[in-house]
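Here is query_16.txt, consisting of compact mmCIF, C-alpha atoms and all ligand atoms:
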```txt
# COMPACT_ATOMS: atom_id res chain seq x y z
CA MET A 1 39.06 -1.08 -10.89
CA THR A 2 35.64 0.44 -11.40
CA ARG A 3 32.70 -1.82 -10.87
CA THR A 4 29.33 -1.00 -12.43
CA PRO A 5 26.97 -0.12 -9.55
CA PHE A 6 24.10 -2.56 -9.14
CA VAL A 7 20.74 -1.82 -7.51
CA VAL A 8 18.41 -4.75 -6.86
CA ALA A 9 14.81 -4.66 -5.67
CA ASN A 10 13.70 -7.51 -3.44
CA TRP A 11 9.93 -7.38 -3.38
CA LYS A 12 9.79 -10.33 -0.94
CA MET A 13 6.23 -11.76 -0.67
CA ASN A 14 4.52 -8.58 -1.86
CA GLY A 15 2.66 -7.59 -4.98
CA ASN A 16 -0.07 -8.90 -7.24
CA THR A 17 -0.72 -8.75 -10.97
CA GLN A 18 -2.32 -5.31 -10.85
CA ALA A 19 0.12 -3.70 -8.43
CA ASN A 20 3.10 -5.11 -10.36
CA LEU A 21 1.75 -3.70 -13.59
CA ALA A 22 1.30 -0.28 -11.98
CA TRP A 23 4.91 -0.41 -10.68
CA ILE A 24 6.25 -1.37 -14.11
CA GLU A 25 4.23 1.29 -15.93
CA SER A 26 5.24 4.05 -13.55
CA ALA A 27 8.94 3.13 -13.68
CA LYS A 28 9.21 2.37 -17.38
CA PRO A 29 9.72 5.93 -18.67
CA GLN A 30 12.97 6.03 -16.66
CA LEU A 31 14.00 2.44 -17.25
CA HIS A 32 14.29 2.41 -21.01
CA ALA A 33 17.59 1.07 -22.28
CA GLY A 34 20.32 3.70 -22.14
CA HIS A 35 18.90 5.87 -19.36
CA TYR A 36 20.82 4.25 -16.50
CA ARG A 37 24.49 3.34 -16.60
CA CYS A 38 24.18 1.33 -13.39
CA ASP A 39 22.75 -2.20 -13.48
CA ILE A 40 19.22 -2.65 -12.17
CA ALA A 41 17.23 -5.78 -11.27
CA VAL A 42 13.85 -6.56 -9.76
CA CYS A 43 13.41 -9.82 -7.81
CA ALA A 44 9.80 -10.90 -7.49
CA PRO A 45 7.84 -13.93 -6.29
CA ALA A 46 8.32 -16.72 -8.85
CA LEU A 47 4.70 -16.56 -10.03
CA TYR A 48 5.26 -13.06 -11.39
CA LEU A 49 8.61 -13.54 -13.11
CA THR A 50 7.01 -13.91 -16.52
CA GLN A 51 4.99 -10.75 -15.98
CA LEU A 52 8.19 -8.88 -15.16
CA VAL A 53 10.18 -10.36 -18.05
CA ASP A 54 7.40 -9.20 -20.43
CA GLY A 55 6.91 -5.89 -18.64
CA PHE A 56 10.60 -4.95 -18.75
CA LYS A 57 11.08 -5.88 -22.40
CA ASN A 58 13.09 -3.17 -24.19
CA THR A 59 14.53 -1.96 -20.91
CA ALA A 60 17.88 -2.90 -19.38
CA VAL A 61 16.21 -4.17 -16.20
CA MET A 62 17.10 -7.72 -15.19
CA VAL A 63 14.60 -9.99 -13.51
CA GLY A 64 15.38 -12.17 -10.53
CA ALA A 65 13.81 -14.81 -8.28
CA GLN A 66 14.14 -14.98 -4.50
CA ASN A 67 14.98 -18.66 -4.08
CA CYS A 68 15.41 -21.90 -6.03
CA ALA A 69 15.51 -25.61 -5.24
CA SER A 70 18.67 -27.37 -4.15
CA TYR A 71 17.77 -30.26 -6.48
CA GLU A 72 17.96 -30.45 -10.24
CA GLU A 73 14.45 -31.88 -10.88
CA GLY A 74 12.05 -34.56 -9.76
CA ALA A 75 9.69 -35.37 -6.90
CA TYR A 76 10.05 -32.18 -4.84
CA THR A 77 6.51 -30.93 -4.46
CA GLY A 78 6.23 -27.16 -4.32
CA GLU A 79 9.80 -26.45 -5.38
CA ILE A 80 11.00 -24.39 -8.33
CA SER A 81 14.24 -25.43 -10.02
CA ALA A 82 17.04 -23.28 -11.35
CA ALA A 83 16.34 -24.76 -14.80
CA MET A 84 12.75 -23.49 -14.57
CA LEU A 85 13.98 -20.02 -13.69
CA ALA A 86 16.25 -20.09 -16.73
CA ASP A 87 13.36 -21.39 -18.84
CA VAL A 88 11.30 -18.25 -18.16
CA ASP A 89 14.32 -15.98 -18.85
CA CYS A 90 14.99 -15.14 -15.24
CA ASP A 91 18.49 -13.62 -14.98
CA LEU A 92 19.22 -13.78 -11.26
CA VAL A 93 18.28 -15.44 -8.02
CA ILE A 94 18.69 -14.18 -4.45
CA LEU A 95 20.05 -17.00 -2.27
CA GLY A 96 20.67 -17.29 1.46
CA HIS A 97 18.52 -14.32 2.44
CA SER A 98 18.33 -14.16 6.23
CA GLU A 99 14.54 -14.63 6.09
CA ARG A 100 15.12 -17.94 4.27
CA ARG A 101 17.86 -18.92 6.69
CA THR A 102 15.87 -18.20 9.84
CA LEU A 103 12.29 -19.00 8.75
CA PHE A 104 12.78 -21.78 6.18
CA GLY A 105 15.88 -23.61 7.30
CA ASP A 106 18.25 -22.64 4.51
CA THR A 107 21.65 -23.77 5.78
CA ASP A 108 25.03 -22.77 4.36
CA GLU A 109 25.20 -26.20 2.69
CA LEU A 110 21.78 -25.83 1.02
CA VAL A 111 22.63 -22.32 -0.14
CA ALA A 112 25.86 -23.65 -1.70
CA GLU A 113 23.94 -26.37 -3.60
CA LYS A 114 21.38 -23.84 -4.82
CA ALA A 115 24.10 -21.43 -5.98
CA LYS A 116 25.88 -24.21 -7.84
CA LEU A 117 22.70 -25.26 -9.65
CA ALA A 118 21.68 -21.68 -10.44
CA PHE A 119 25.06 -20.86 -11.99
CA SER A 120 25.04 -24.10 -13.99
CA HIS A 121 21.78 -22.90 -15.59
CA ALA A 122 23.16 -19.39 -16.19
CA VAL A 123 20.96 -17.86 -13.49
CA MET A 124 23.31 -15.56 -11.60
CA PRO A 125 23.24 -15.90 -7.81
CA ILE A 126 23.11 -12.99 -5.38
CA LEU A 127 24.43 -14.49 -2.16
CA CYS A 128 23.25 -12.83 1.06
CA VAL A 129 25.34 -12.90 4.21
CA GLY A 130 24.86 -11.06 7.47
CA GLU A 131 25.09 -11.23 11.25
CA THR A 132 22.37 -10.97 13.88
CA LEU A 133 22.40 -8.21 16.50
CA GLU A 134 23.58 -10.71 19.10
CA GLU A 135 26.48 -11.76 16.89
CA ARG A 136 27.42 -8.13 16.20
CA GLU A 137 27.36 -7.24 19.89
CA ALA A 138 29.56 -10.24 20.60
CA GLY A 139 32.09 -8.92 18.08
CA ARG A 140 31.52 -11.87 15.75
CA THR A 141 30.38 -10.05 12.59
CA ILE A 142 33.42 -10.79 10.42
CA GLU A 143 33.60 -14.39 11.64
CA VAL A 144 29.93 -15.00 10.76
CA VAL A 145 29.91 -13.40 7.31
CA THR A 146 33.22 -15.08 6.45
CA ARG A 147 31.82 -18.49 7.39
CA GLN A 148 28.69 -17.88 5.28
CA LEU A 149 30.79 -16.76 2.32
CA ARG A 150 33.32 -19.60 2.51
CA ALA A 151 30.65 -22.27 2.87
CA VAL A 152 29.34 -21.33 -0.55
CA LEU A 153 32.55 -20.37 -2.37
CA ASP A 154 34.30 -23.57 -1.30
CA VAL A 155 31.63 -25.38 -3.33
CA THR A 156 31.02 -22.99 -6.23
CA GLY A 157 34.25 -21.04 -6.59
CA ILE A 158 34.20 -17.28 -7.09
CA MET A 159 33.04 -17.06 -10.73
CA PRO A 160 29.27 -17.24 -10.13
CA PHE A 161 29.60 -14.05 -8.08
CA VAL A 162 31.57 -12.15 -10.68
CA ALA A 163 28.41 -12.46 -12.78
CA GLY A 164 26.00 -12.26 -9.84
CA ALA A 165 26.79 -10.45 -6.59
CA ILE A 166 27.32 -10.75 -2.86
CA ALA A 167 24.95 -8.86 -0.56
CA TYR A 168 25.89 -7.90 2.97
CA GLU A 169 22.64 -7.64 4.91
CA PRO A 170 23.01 -7.23 8.67
CA VAL A 171 19.92 -8.99 10.04
CA TRP A 172 19.30 -6.22 12.59
CA ALA A 173 19.08 -3.65 9.78
CA ILE A 174 16.50 -5.48 7.65
CA GLY A 175 13.09 -3.85 7.76
CA THR A 176 13.93 -1.99 10.95
CA GLY A 177 14.67 1.46 9.53
CA LYS A 178 18.06 1.13 11.25
CA SER A 179 20.73 1.03 8.55
CA ALA A 180 24.37 0.22 9.25
CA THR A 181 26.51 3.36 9.17
CA PRO A 182 28.44 3.74 5.91
CA ALA A 183 31.71 3.21 7.82
CA ASP A 184 30.48 0.04 9.58
CA ALA A 185 29.15 -1.39 6.32
CA GLN A 186 32.37 -0.48 4.49
CA ALA A 187 34.45 -2.33 7.10
CA VAL A 188 32.47 -5.53 6.50
CA HIS A 189 32.50 -5.10 2.71
CA ALA A 190 36.30 -4.67 2.78
CA ALA A 191 36.65 -7.82 4.89
CA LEU A 192 34.44 -9.73 2.44
CA ARG A 193 36.52 -8.52 -0.50
CA ALA A 194 39.72 -9.58 1.26
CA GLU A 195 38.18 -13.01 1.74
CA LEU A 196 37.16 -13.14 -1.94
CA ALA A 197 40.77 -12.37 -2.86
CA ALA A 198 41.84 -15.61 -1.22
CA TYR A 199 39.90 -17.39 -4.00
CA ASN A 200 41.11 -15.21 -6.85
CA ALA A 201 42.66 -11.76 -6.42
CA ASP A 202 41.74 -10.53 -9.87
CA ALA A 203 38.14 -11.75 -9.70
CA SER A 204 37.70 -10.31 -6.19
CA GLN A 205 38.03 -6.83 -7.67
CA LYS A 206 35.18 -7.55 -10.08
CA VAL A 207 32.60 -8.91 -7.63
CA ARG A 208 29.90 -6.40 -6.74
CA ILE A 209 29.23 -6.36 -2.99
CA LEU A 210 25.80 -4.84 -2.32
CA TYR A 211 24.60 -3.49 1.00
CA GLY A 212 21.08 -4.33 2.17
CA GLY A 213 19.15 -3.22 5.24
CA SER A 214 16.90 -0.15 5.37
CA VAL A 215 18.36 1.47 2.25
CA LYS A 216 16.26 4.41 1.08
CA PRO A 217 16.75 7.41 -1.19
CA GLY A 218 17.87 9.44 1.83
CA ASN A 219 20.80 7.24 2.88
CA ALA A 220 21.80 5.56 -0.40
CA ARG A 221 24.30 8.16 -1.51
CA GLU A 222 26.54 8.05 1.56
CA LEU A 223 26.52 4.26 1.44
CA PHE A 224 27.38 4.19 -2.28
CA GLU A 225 30.27 6.61 -1.70
CA GLN A 226 32.15 3.91 0.22
CA PRO A 227 34.83 2.26 -1.89
CA ASP A 228 33.62 -1.33 -1.40
CA ILE A 229 29.85 -0.70 -1.47
CA ASP A 230 28.88 -1.36 -5.07
CA GLY A 231 25.13 -0.99 -4.82
CA ALA A 232 22.14 -2.08 -2.78
CA LEU A 233 19.64 -4.85 -2.22
CA VAL A 234 16.47 -2.96 -1.38
CA GLY A 235 13.41 -4.35 0.41
CA GLY A 236 10.78 -1.94 1.73
CA ALA A 237 11.84 1.05 -0.36
CA ALA A 238 11.61 -1.06 -3.53
CA LEU A 239 7.86 -1.48 -3.18
CA LYS A 240 7.32 2.08 -4.40
CA SER A 241 8.85 2.63 -7.83
CA SER A 242 9.65 6.29 -7.14
CA ASP A 243 11.69 5.41 -4.02
CA PHE A 244 13.49 2.62 -5.83
CA LEU A 245 14.32 4.86 -8.78
CA GLY A 246 15.53 7.50 -6.33
CA ILE A 247 18.07 4.96 -5.05
CA CYS A 248 19.01 4.02 -8.64
CA ASP A 249 19.61 7.72 -9.36
CA HIS A 250 22.22 7.85 -6.57
CA ALA A 251 23.97 4.74 -7.94
CA ASN A 252 23.88 6.19 -11.42
CA ALA A 253 25.42 9.46 -10.27
CA LEU A 254 28.54 7.52 -9.28
CA THR A 255 29.10 6.49 -12.89
CA GLU A 256 29.42 10.10 -14.07
P1 LIG B 1 14.69 -3.55 3.85
O1 LIG B 1 15.24 -2.68 2.75
O2 LIG B 1 13.20 -3.52 3.94
O3 LIG B 1 15.39 -3.31 5.15
O4 LIG B 1 15.03 -5.07 3.42
C1 LIG B 1 16.32 -5.39 3.07
C2 LIG B 1 16.33 -6.75 2.49
O5 LIG B 1 16.10 -7.72 3.18
C3 LIG B 1 16.60 -6.87 1.05
O6 LIG B 1 16.84 -8.19 0.69
```
Starting from the file, lay out its structure as C-alpha cells.
Ligand code: 13P
Amino acid sequence: MTRTPFVVANWKMNGNTQANLAWIESAKPQLHAGHYRCDIAVCAPALYLTQLVDGFKNTAVMVGAQNCASYEEGAYTGEISAAMLADVDCDLVILGHSERRTLFGDTDELVAEKAKLAFSHAVMPILCVGETLEEREAGRTIEVVTRQLRAVLDVTGIMPFVAGAIAYEPVWAIGTGKSATPADAQAVHAALRAELAAYNADASQKVRILYGGSVKPGNARELFEQPDIDGALVGGAALKSSDFLGICDHANALTE
C-alpha cells in the first residue's frame, strides 16, 4: 500500500494580511498544480482562510483551519462552526492539538464531537495525539496516544481519517527544536496503525499518519523514510515558505 505523502503547515496564531500574501506569492511558483505529487495544506487562523483559498487558487494546495466548534450552530459567542469552514471552502481542520488541549480545555470528548461535525460538513479532520515528557518518561506513550485515538474513533469511526489524517505530535517535541528520533516516532506510528486496524484493517492502511514536532528541512527526510510516517505537521518551519517547501521537497522525493 502506498500512501500519498502529506505535508501540512500549521501557522498557529501567526501571520497578518501582508505577511500571508508575501508567503503565498513567494511559494506560488512551486505550488502550481502538477509540480508536487505529495499533498500539501496550509492551516491558518480562521480570519485568513478566505485569503488563502483565493491566494492558492489554481494550485493543488488545500486550506485548513486550526479548530472548530463542538456545536452545530447557535448562541456560542466567539465560536466558528464546521459549517462555516465548509462555507468558505476550507478543506481541513486540525483538531485536538496539544496547545488546544492544555491551554483551552479541549478534552477527548470535545475533540470527538468536533471531528464528527467537521466530517459531516466535508471538512476533513486532522486529529492530533501525543504524550507529554512526563508520560513518555513513565513509559506511558502508547497508552496515552491510544486513549486519545480511541476516544475519537469510537464516536466517529475511521472514515473521517482516511480523508483527513492523524498527527502524532509528542508534546515535548513541539517548538522545542527537539524532534523525536525517526525510530521512536516510527514505533508510535506503527502502534497507532495497529490500533486503527482494530476499526478497519483495510482503511488503516490508507490513513496518513503525520509526525509533528520540530520538523525542518534538515530532519524531514529521515523521518519520511520510516514506513509508517506519511508526512508532517509543521509549526515553526512553516512560517517561512522556503523552509516549508524544503520539507515538501523531501516528501515529494518519496513519490519518485
Ligand atoms: P513545531 O514544528 O514548531 O515544533 O510545531 C509542531 C506543531 O505543533 C504543529 O502542529
Contacts of A:Leu127 at 6 Å or less, counting only C-alpha atoms, minus same-chain residues fewer than 6 places along, as a PDB file with C-alpha atoms, in the frame of the given file?
```
ATOM      1  CA  LEU A  95      20.050 -17.000  -2.270  1.00  0.00           C
ATOM      2  CA  GLY A  96      20.670 -17.290   1.460  1.00  0.00           C
ATOM      3  CA  ILE A 166      27.320 -10.750  -2.860  1.00  0.00           C
ATOM      4  CA  ALA A 167      24.950  -8.860  -0.560  1.00  0.00           C
TER       5      ALA A 167
END
```
Worksheet item: Closest to ligand LIG 1 (chain B) among A:Glu99, A:Glu109, A:Asp243, A:Glu143, using all atoms listed in the file?
Response: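 Once distances to ligand LIG 1 (chain B) are computed over all atoms listed in the file, the minimum belongs to A:Glu99.
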Worksheet entry | Nearest to A:Ala46, chosen from A:Met159, A:Ala33, A:Ala82, A:Ala191, with only C-alpha atoms counted in the distances |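 Among the listed residues, the smallest separation from A:Ala46 belongs to A:Ala82.
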Which chain A residues have any atom within 7 Å of an atom of ligand LIG 1 (chain B), and for each, what is the nearest pair of atoms with distance in Å to one decimal, counting all atoms listed in the file, rows sorted by chain and number, as CSV?
```
residue,atom,partner,partner_atom,distance
A:Asn10,CA,B:LIG1,O6,5.2
A:His97,CA,B:LIG1,O6,6.6
A:Glu169,CA,B:LIG1,O5,6.8
A:Ala173,CA,B:LIG1,O3,5.9
A:Ile174,CA,B:LIG1,O3,3.5
A:Gly175,CA,B:LIG1,O3,3.5
A:Thr176,CA,B:LIG1,O3,6.1
A:Gly177,CA,B:LIG1,O3,6.5
A:Gly212,CA,B:LIG1,C1,5.0
A:Gly213,CA,B:LIG1,O3,3.8
A:Ser214,CA,B:LIG1,O3,3.5
A:Val215,CA,B:LIG1,O1,5.2
A:Leu233,CA,B:LIG1,C3,4.9
A:Val234,CA,B:LIG1,O1,4.3
A:Gly235,CA,B:LIG1,O1,3.4
A:Gly236,CA,B:LIG1,O2,3.6
A:Ala237,CA,B:LIG1,O1,5.9
```
Discussion item. As a ChimeraX atom specification, please: the residues near stretch 68-81 of chain A (cut-off 7 Å, only C-alpha atoms, same-chain neighbours under 2 positions excluded).
Written reply: /A:83-85,110,113-114
Selected residues written out, C-alpha atoms, as a tab-separated table (two decimals), in the frame of the given file:
```
chain	number	residue	atom	x	y	z
A	83	ALA	CA	16.34	-24.76	-14.80
A	84	MET	CA	12.75	-23.49	-14.57
A	85	LEU	CA	13.98	-20.02	-13.69
A	110	LEU	CA	21.78	-25.83	1.02
A	113	GLU	CA	23.94	-26.37	-3.60
A	114	LYS	CA	21.38	-23.84	-4.82
```
Worksheet item: Pick the closest to A:Pro170 from A:Asp154, A:Asp228, A:Glu131, A:Glu137: which is it, counting all atoms listed in the file?
Response: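 Counting all atoms listed in the file, the residue closest to A:Pro170 is A:Glu131.
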Fill in: Residue nearest A:Lys116 among A:Gly15, A:Gly55, A:Gly157, A:Gly164 (counting only C-alpha atoms)
A:Gly157
Practice prompt. Just the residues within 7 Å of A:Gly64, please, counting all atoms listed in the file, with nothing from its chain fewer than 5 positions along; format it as a PyMOL selection string.
Written response: chain A and resi 41-44+90-93
Discussion item. Please compute the atom CA of A:Ile209-atom CA of A:Ile126 distance, one decimal, in Å.
Written reply: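 According to the coordinates, atom CA of A:Ile209 and atom CA of A:Ile126 are separated by 9.3 Å.
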Discussion item. If we count only C-alpha atoms and set the cut-off at 10 Å, which residues sit around A:Lys28, ignoring sequence neighbours fewer than 4 positions away in its own chain? Please answer as a list in words.
Written reply: Ala22, Trp23, Ile24, His32, Ala33, Gly55, Phe56, Lys57, Asn58, Thr59, Val61 and Ser241 of chain A
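Here the selection is built from all atoms listed in the file, and the residues within 10 Å of (30.1, -10.7, 9.1) turn out to be A:Val129, A:Gly130, A:Glu131, A:Thr132, A:Glu135, A:Arg136, A:Gly139, A:Arg140, A:Thr141, A:Ile142, A:Glu143, A:Val144, A:Val145, A:Thr146, A:Arg147, A:Gln148, A:Leu149, A:Tyr168, A:Glu169, A:Pro170, A:Ala185, A:Ala187, A:Val188, A:His189, A:Ala191, A:Leu192.
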Worksheet item: Suppose you want the space between atom CA of A:Ala112 and atom CA of A:Asp39; what is it in Å?
Response: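 Distance between the two atoms: 24.7 Å.
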With all heavy atoms as the target, complete stretch 221-232 of chain A and hand it back as a PDB file, keeping the file's coordinate frame.
```
ATOM      1  N   ARG A 221      23.123   7.505  -0.966  1.00  0.00           N
ATOM      2  CA  ARG A 221      24.300   8.160  -1.510  1.00  0.00           C
ATOM      3  C   ARG A 221      25.541   7.960  -0.641  1.00  0.00           C
ATOM      4  O   ARG A 221      26.606   7.585  -1.121  1.00  0.00           O
ATOM      5  CB  ARG A 221      24.007   9.650  -1.679  1.00  0.00           C
ATOM      6  CG  ARG A 221      25.138  10.363  -2.341  1.00  0.00           C
ATOM      7  CD  ARG A 221      24.881  11.810  -2.545  1.00  0.00           C
ATOM      8  NE  ARG A 221      26.167  12.464  -2.645  1.00  0.00           N
ATOM      9  CZ  ARG A 221      26.319  13.737  -2.868  1.00  0.00           C
ATOM     10  NH1 ARG A 221      25.268  14.507  -3.017  1.00  0.00           N
ATOM     11  NH2 ARG A 221      27.514  14.249  -2.935  1.00  0.00           N
ATOM     12  N   GLU A 222      25.365   8.186   0.670  1.00  0.00           N
ATOM     13  CA  GLU A 222      26.540   8.050   1.560  1.00  0.00           C
ATOM     14  C   GLU A 222      27.014   6.610   1.628  1.00  0.00           C
ATOM     15  O   GLU A 222      28.222   6.355   1.796  1.00  0.00           O
ATOM     16  CB  GLU A 222      26.234   8.616   2.950  1.00  0.00           C
ATOM     17  CG  GLU A 222      24.951   8.089   3.551  1.00  0.00           C
ATOM     18  CD  GLU A 222      24.670   8.632   4.946  1.00  0.00           C
ATOM     19  OE1 GLU A 222      25.299   9.627   5.329  1.00  0.00           O
ATOM     20  OE2 GLU A 222      23.828   8.033   5.640  1.00  0.00           O
ATOM     21  N   LEU A 223      26.097   5.666   1.481  1.00  0.00           N
ATOM     22  CA  LEU A 223      26.520   4.260   1.440  1.00  0.00           C
ATOM     23  C   LEU A 223      27.304   3.994   0.149  1.00  0.00           C
ATOM     24  O   LEU A 223      28.377   3.394   0.169  1.00  0.00           O
ATOM     25  CB  LEU A 223      25.295   3.335   1.518  1.00  0.00           C
ATOM     26  CG  LEU A 223      24.611   3.250   2.892  1.00  0.00           C
ATOM     27  CD1 LEU A 223      23.193   2.722   2.770  1.00  0.00           C
ATOM     28  CD2 LEU A 223      25.423   2.372   3.848  1.00  0.00           C
ATOM     29  N   PHE A 224      26.755   4.472  -0.976  1.00  0.00           N
ATOM     30  CA  PHE A 224      27.380   4.190  -2.280  1.00  0.00           C
ATOM     31  C   PHE A 224      28.743   4.879  -2.423  1.00  0.00           C
ATOM     32  O   PHE A 224      29.531   4.503  -3.279  1.00  0.00           O
ATOM     33  CB  PHE A 224      26.463   4.630  -3.427  1.00  0.00           C
ATOM     34  CG  PHE A 224      25.179   3.850  -3.527  1.00  0.00           C
ATOM     35  CD1 PHE A 224      24.109   4.332  -4.281  1.00  0.00           C
ATOM     36  CD2 PHE A 224      25.019   2.633  -2.882  1.00  0.00           C
ATOM     37  CE1 PHE A 224      22.924   3.618  -4.384  1.00  0.00           C
ATOM     38  CE2 PHE A 224      23.834   1.915  -2.973  1.00  0.00           C
ATOM     39  CZ  PHE A 224      22.784   2.408  -3.724  1.00  0.00           C
ATOM     40  N   GLU A 225      28.979   5.905  -1.613  1.00  0.00           N
ATOM     41  CA  GLU A 225      30.270   6.610  -1.700  1.00  0.00           C
ATOM     42  C   GLU A 225      31.423   5.796  -1.110  1.00  0.00           C
ATOM     43  O   GLU A 225      32.587   6.115  -1.325  1.00  0.00           O
ATOM     44  CB  GLU A 225      30.178   7.969  -1.006  1.00  0.00           C
ATOM     45  CG  GLU A 225      29.497   8.995  -1.900  1.00  0.00           C
ATOM     46  CD  GLU A 225      29.191  10.297  -1.185  1.00  0.00           C
ATOM     47  OE1 GLU A 225      29.370  10.381   0.048  1.00  0.00           O
ATOM     48  OE2 GLU A 225      28.739  11.237  -1.867  1.00  0.00           O
ATOM     49  N   GLN A 226      31.090   4.753  -0.365  1.00  0.00           N
ATOM     50  CA  GLN A 226      32.150   3.910   0.220  1.00  0.00           C
ATOM     51  C   GLN A 226      32.810   3.076  -0.871  1.00  0.00           C
ATOM     52  O   GLN A 226      32.119   2.569  -1.761  1.00  0.00           O
ATOM     53  CB  GLN A 226      31.545   2.990   1.292  1.00  0.00           C
ATOM     54  CG  GLN A 226      30.852   3.720   2.434  1.00  0.00           C
ATOM     55  CD  GLN A 226      31.818   4.569   3.229  1.00  0.00           C
ATOM     56  OE1 GLN A 226      32.906   4.129   3.583  1.00  0.00           O
ATOM     57  NE2 GLN A 226      31.434   5.807   3.508  1.00  0.00           N
ATOM     58  N   PRO A 227      34.118   2.898  -0.776  1.00  0.00           N
ATOM     59  CA  PRO A 227      34.830   2.260  -1.890  1.00  0.00           C
ATOM     60  C   PRO A 227      34.425   0.809  -2.181  1.00  0.00           C
ATOM     61  O   PRO A 227      34.526   0.371  -3.320  1.00  0.00           O
ATOM     62  CB  PRO A 227      36.307   2.328  -1.461  1.00  0.00           C
ATOM     63  CG  PRO A 227      36.296   2.657  -0.007  1.00  0.00           C
ATOM     64  CD  PRO A 227      35.037   3.406   0.248  1.00  0.00           C
ATOM     65  N   ASP A 228      33.972   0.076  -1.155  1.00  0.00           N
ATOM     66  CA  ASP A 228      33.620  -1.330  -1.400  1.00  0.00           C
ATOM     67  C   ASP A 228      32.116  -1.586  -1.387  1.00  0.00           C
ATOM     68  O   ASP A 228      31.684  -2.736  -1.384  1.00  0.00           O
ATOM     69  CB  ASP A 228      34.326  -2.239  -0.380  1.00  0.00           C
ATOM     70  CG  ASP A 228      35.809  -2.313  -0.675  1.00  0.00           C
ATOM     71  OD1 ASP A 228      36.173  -2.890  -1.712  1.00  0.00           O
ATOM     72  OD2 ASP A 228      36.606  -1.743   0.104  1.00  0.00           O
ATOM     73  N   ILE A 229      31.311  -0.529  -1.372  1.00  0.00           N
ATOM     74  CA  ILE A 229      29.850  -0.700  -1.470  1.00  0.00           C
ATOM     75  C   ILE A 229      29.461  -0.410  -2.913  1.00  0.00           C
ATOM     76  O   ILE A 229      29.544   0.724  -3.372  1.00  0.00           O
ATOM     77  CB  ILE A 229      29.097   0.193  -0.465  1.00  0.00           C
ATOM     78  CG1 ILE A 229      29.533  -0.160   0.973  1.00  0.00           C
ATOM     79  CG2 ILE A 229      27.583   0.035  -0.640  1.00  0.00           C
ATOM     80  CD1 ILE A 229      28.795   0.579   2.068  1.00  0.00           C
ATOM     81  N   ASP A 230      29.062  -1.467  -3.615  1.00  0.00           N
ATOM     82  CA  ASP A 230      28.880  -1.360  -5.070  1.00  0.00           C
ATOM     83  C   ASP A 230      27.413  -1.299  -5.470  1.00  0.00           C
ATOM     84  O   ASP A 230      27.087  -1.472  -6.649  1.00  0.00           O
ATOM     85  CB  ASP A 230      29.534  -2.580  -5.744  1.00  0.00           C
ATOM     86  CG  ASP A 230      30.996  -2.715  -5.333  1.00  0.00           C
ATOM     87  OD1 ASP A 230      31.721  -1.703  -5.380  1.00  0.00           O
ATOM     88  OD2 ASP A 230      31.404  -3.824  -4.940  1.00  0.00           O
ATOM     89  N   GLY A 231      26.541  -1.067  -4.504  1.00  0.00           N
ATOM     90  CA  GLY A 231      25.130  -0.990  -4.820  1.00  0.00           C
ATOM     91  C   GLY A 231      24.311  -1.451  -3.637  1.00  0.00           C
ATOM     92  O   GLY A 231      24.829  -1.534  -2.517  1.00  0.00           O
ATOM     93  N   ALA A 232      23.032  -1.758  -3.895  1.00  0.00           N
ATOM     94  CA  ALA A 232      22.140  -2.080  -2.780  1.00  0.00           C
ATOM     95  C   ALA A 232      21.154  -3.182  -3.150  1.00  0.00           C
ATOM     96  O   ALA A 232      20.780  -3.340  -4.310  1.00  0.00           O
ATOM     97  CB  ALA A 232      21.383  -0.835  -2.350  1.00  0.00           C
TER      98      ALA A 232
END
```
